[in-house]
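> Below you'll find the structure I mean.
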Amino acid sequence: MVESTLRRHFDYYLGKTEVVIYSVLAVLLAVTAVVTIATSGRILWMGLSHWTVAAQTLGVLNELLIVLMLVEILHTVRISVRSHVLVTEPFLVVGLIASIRRILVITLEAATLTKEGAWTTEGASGIFHSSMIELGLLVLVLVVSITLLRRYAPTSKDLPEL
């Protein structure tokens, strides 16, 4: 009897601690996303004021994709607080966004290096192609995983009671 009561109290307080930690995490993620949006706005404004928008595009795109990842993680935290279930799909979406972000950054950097003539060696070109194939396969695996998760997702009645 005492053990059962102790377990319920322990479970109750751990649940409250979990919600507090998730709440602090959500606030920090939201603040980080807002600061990142402000940073990308500043980069874009500097590009507009100096007529170098094309040069600043990579930085702005990079920052905005980071914001997208932060918002997706924030969404995952919100779902976890509400349902007390860890959902895997948002993590796959974050991985997909990160992979696409990396592909864009590598491609834009390669274009910049090619214009400058700094990417003329065969080794650098091979590394670029290998990176693109690796990231392409990762994107394919993530998309297939997300598709399978959505197709065979358990219904709410299939989830275990907590």
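Chain lettering (A, B, ...) mirrors the order of the structure tokens, residue numbering begins at 1 for each chain separately, and ligand numbering begins at 1 in order of display.
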Residues within 8 Å of range 99-106 of chain A, please, as a VMD selection string. Count only C-alpha atoms; anything in the same chain fewer than 4 positions from it doesn't count.
chain A and resid 58 62 65 95 110 128 132 135 138 to 139
> Residues at most 9 Å from range 40-44 of chain A, counting only C-alpha atoms, excluding those fewer than 4 positions away in the same chain, as a list in words?
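The filter keeps Val35, Thr36, Leu48, Ser49, Val53, Gln56, Thr57, Gly59, Val60, Leu61, Asn62, Glu63 and Leu64 of chain A.
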> Which residue out of A:Met46, A:Leu137, A:Ile37, A:Leu86 has the minimum interatomic distance to Val71 in chain A when only C-alpha atoms are used?
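That would be A:Ile37, the residue with the smallest distance to Val71 in chain A.
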> Select, from A:Val94, A:Ser83, A:Val27, A:Trp45, the residue with the minimum atom-to-atom distance to Met69 in chain A, counting only C-alpha atoms.
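Closest to Met69 in chain A of all the choices is A:Val94.
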> So which residues of chain A fall under alpha helix (DSSP H) by DSSP, listed as a count of residues only?
137
> If I take CA of Thr17 in chain A and CA of His84 in chain A, how far is one from the other in Å, to one decimal?
12.5 Å
> Measuring between only C-alpha atoms, which one of A:His50, A:Thr107, A:Val143, A:Leu25 shows the shortest distance to Thr76 in chain A?
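The answer is A:Leu25, which sits nearest to Thr76 in chain A.
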> For the atom pair CA of Glu72 in chain A and CA of Ile97 in chain A, what is the interatomic distance in Å to one decimal place?
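Interatomic distance here is 9.5 Å.
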> Restricting the calculation to only C-alpha atoms, which member of A:Val24, A:Leu92, A:Val34, A:Ile133 is positioned closest to Thr147 in chain A?
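Among the listed residues, the smallest separation from Thr147 in chain A belongs to A:Leu92.
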> Tell me which of A:Leu29, A:Val85, A:Ala54, A:Leu108 sits closest to Val67 in chain A, counting only C-alpha atoms.
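When distances to Val67 in chain A are compared using only C-alpha atoms, the smallest one comes from A:Leu29.
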> Counting only C-alpha atoms, what is within 8 Å of Leu70 in chain A, bar same-chain residues fewer than 5 positions away, as a list in words?
Leu29, Ala30, Thr32 and Ala33 of chain A
> In Å, how far is it from CA of Ala98 in chain A to CA of Ser131 in chain A?
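One can read the CA of Ala98 in chain A to CA of Ser131 in chain A distance as 14.0 Å.
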> Using only C-alpha atoms, pick whichever of A:Ala55, A:Val87, A:Val19, A:Val31 has the shortest atom-to-atom distance to Arg150 in chain A.
A:Val87
